[in-house]
Amino acid sequence: RWNVKIGIPDKVFFMLGNAIFETLMGSLWAIASSTIFAKIAPPGMESAVFAYAVGIGNFCYMVSGLLGSGAIKWSGMKTTGVDCDFSALPFLIIICQIVTPLCIGIPACFLVPNTLQTEHLIEWEKEEGWQSKEGKDDDQGNDTVDTEEEESCHIVV
């Protein structure tokens, strides 16, 4: 334990490490994911795609806490009271921190697109059925606006 050798107690090291590194990793993840969301989102819908992804992330964060609590209960560990029992902790660490990320992370690497960050991931202009918000061309080449969409934007007071 090198933190004790340099004079940092375990509790302080854990709290600072958790506070600093968890925030740093969350920020780095947000930058990368925002870039990917912006690349795959239809033009003008980037914020909706990001909001949807954040909602899924929050749901997954909640479920992971529930699964963690379930794993602790399943293992028979006692984390409260005077008769704490952490004998199953090494097993849970190996399963939850090593085996599961390897089983999920290695196949997930194949989902990362093999393109430069400056390239478009989806060419929305070439996608069939995609229409931009600005309007669509009619048969004569005139730019028209969908009246149904235009009417839904008006607010009646």
# chains A, B, ... in the order shown; residues from 1 in each chain; ligands from 1

call {"tool": "residues_around", "arguments": {"residues": "Met77 (chain A)", "least_positions_apart": "5", "cutoff": "10 Å", "atoms": "only C-alpha atoms", "output": "PDB file with all heavy atoms, in the first residue's frame"}}
result
ATOM      1  N   ALA A  71     -26.312  -9.141  -5.536  1.00  0.00           N
ATOM      2  CA  ALA A  71     -25.120  -9.999  -5.504  1.00  0.00           C
ATOM      3  C   ALA A  71     -24.574 -10.111  -4.084  1.00  0.00           C
ATOM      4  O   ALA A  71     -24.148 -11.197  -3.659  1.00  0.00           O
ATOM      5  CB  ALA A  71     -24.051  -9.445  -6.440  1.00  0.00           C
ATOM      6  N   ILE A  72     -24.602  -9.011  -3.340  1.00  0.00           N
ATOM      7  CA  ILE A  72     -24.134  -9.060  -1.947  1.00  0.00           C
ATOM      8  C   ILE A  72     -25.053  -9.957  -1.121  1.00  0.00           C
ATOM      9  O   ILE A  72     -24.590 -10.783  -0.330  1.00  0.00           O
ATOM     10  CB  ILE A  72     -24.047  -7.637  -1.358  1.00  0.00           C
ATOM     11  CG1 ILE A  72     -22.879  -6.898  -2.000  1.00  0.00           C
ATOM     12  CG2 ILE A  72     -23.886  -7.669   0.154  1.00  0.00           C
ATOM     13  CD1 ILE A  72     -22.797  -5.428  -1.643  1.00  0.00           C
ATOM     14  N   CYS A  84     -20.201  -8.366  10.952  1.00  0.00           N
ATOM     15  CA  CYS A  84     -19.961  -8.257   9.505  1.00  0.00           C
ATOM     16  C   CYS A  84     -19.179  -9.471   9.017  1.00  0.00           C
ATOM     17  O   CYS A  84     -18.290  -9.984   9.710  1.00  0.00           O
ATOM     18  CB  CYS A  84     -19.186  -6.988   9.188  1.00  0.00           C
ATOM     19  SG  CYS A  84     -20.121  -5.487   9.465  1.00  0.00           S
ATOM     20  N   ASP A  85     -19.512  -9.914   7.822  1.00  0.00           N
ATOM     21  CA  ASP A  85     -18.834 -11.054   7.218  1.00  0.00           C
ATOM     22  C   ASP A  85     -18.529 -10.721   5.761  1.00  0.00           C
ATOM     23  O   ASP A  85     -19.422 -10.649   4.928  1.00  0.00           O
ATOM     24  CB  ASP A  85     -19.716 -12.302   7.313  1.00  0.00           C
ATOM     25  CG  ASP A  85     -19.085 -13.506   6.647  1.00  0.00           C
ATOM     26  OD1 ASP A  85     -17.840 -13.552   6.527  1.00  0.00           O
ATOM     27  OD2 ASP A  85     -19.841 -14.405   6.229  1.00  0.00           O
ATOM     28  N   PHE A  86     -17.255 -10.508   5.473  1.00  0.00           N
ATOM     29  CA  PHE A  86     -16.820 -10.175   4.114  1.00  0.00           C
ATOM     30  C   PHE A  86     -16.028 -11.317   3.486  1.00  0.00           C
ATOM     31  O   PHE A  86     -15.207 -11.099   2.611  1.00  0.00           O
ATOM     32  CB  PHE A  86     -15.968  -8.903   4.129  1.00  0.00           C
ATOM     33  CG  PHE A  86     -16.747  -7.670   4.437  1.00  0.00           C
ATOM     34  CD1 PHE A  86     -16.738  -7.126   5.716  1.00  0.00           C
ATOM     35  CD2 PHE A  86     -17.507  -7.055   3.461  1.00  0.00           C
ATOM     36  CE1 PHE A  86     -17.467  -5.995   6.008  1.00  0.00           C
ATOM     37  CE2 PHE A  86     -18.238  -5.913   3.737  1.00  0.00           C
ATOM     38  CZ  PHE A  86     -18.223  -5.378   5.018  1.00  0.00           C
ATOM     39  N   SER A  87     -16.290 -12.548   3.904  1.00  0.00           N
ATOM     40  CA  SER A  87     -15.513 -13.682   3.393  1.00  0.00           C
ATOM     41  C   SER A  87     -15.753 -13.929   1.898  1.00  0.00           C
ATOM     42  O   SER A  87     -14.889 -14.469   1.209  1.00  0.00           O
ATOM     43  CB  SER A  87     -15.829 -14.943   4.196  1.00  0.00           C
ATOM     44  OG  SER A  87     -17.206 -15.262   4.091  1.00  0.00           O
ATOM     45  N   ALA A  88     -16.916 -13.541   1.378  1.00  0.00           N
ATOM     46  CA  ALA A  88     -17.214 -13.755  -0.042  1.00  0.00           C
ATOM     47  C   ALA A  88     -16.749 -12.583  -0.908  1.00  0.00           C
ATOM     48  O   ALA A  88     -16.915 -12.621  -2.128  1.00  0.00           O
ATOM     49  CB  ALA A  88     -18.709 -13.977  -0.229  1.00  0.00           C
ATOM     50  N   LEU A  89     -16.153 -11.563  -0.304  1.00  0.00           N
ATOM     51  CA  LEU A  89     -15.758 -10.377  -1.064  1.00  0.00           C
ATOM     52  C   LEU A  89     -14.740 -10.672  -2.169  1.00  0.00           C
ATOM     53  O   LEU A  89     -14.911 -10.180  -3.288  1.00  0.00           O
ATOM     54  CB  LEU A  89     -15.232  -9.292  -0.124  1.00  0.00           C
ATOM     55  CG  LEU A  89     -14.910  -7.957  -0.768  1.00  0.00           C
ATOM     56  CD1 LEU A  89     -16.153  -7.360  -1.414  1.00  0.00           C
ATOM     57  CD2 LEU A  89     -14.343  -6.996   0.258  1.00  0.00           C
TER      58      LEU A  89
END

call {"tool": "select_by_dssp", "arguments": {"residues": "chain A", "states": "strand (DSSP E or B)", "output": "VMD selection string"}}
result
chain A and resid 78 85 136 to 137 143 to 144

call {"tool": "residues_around", "arguments": {"residues": "region 107-119 of chain A", "least_positions_apart": "3", "cutoff": "12 Å", "atoms": "only C-alpha atoms", "output": "ChimeraX atom specification"}}
result
/A:32-40,100-104,122-123
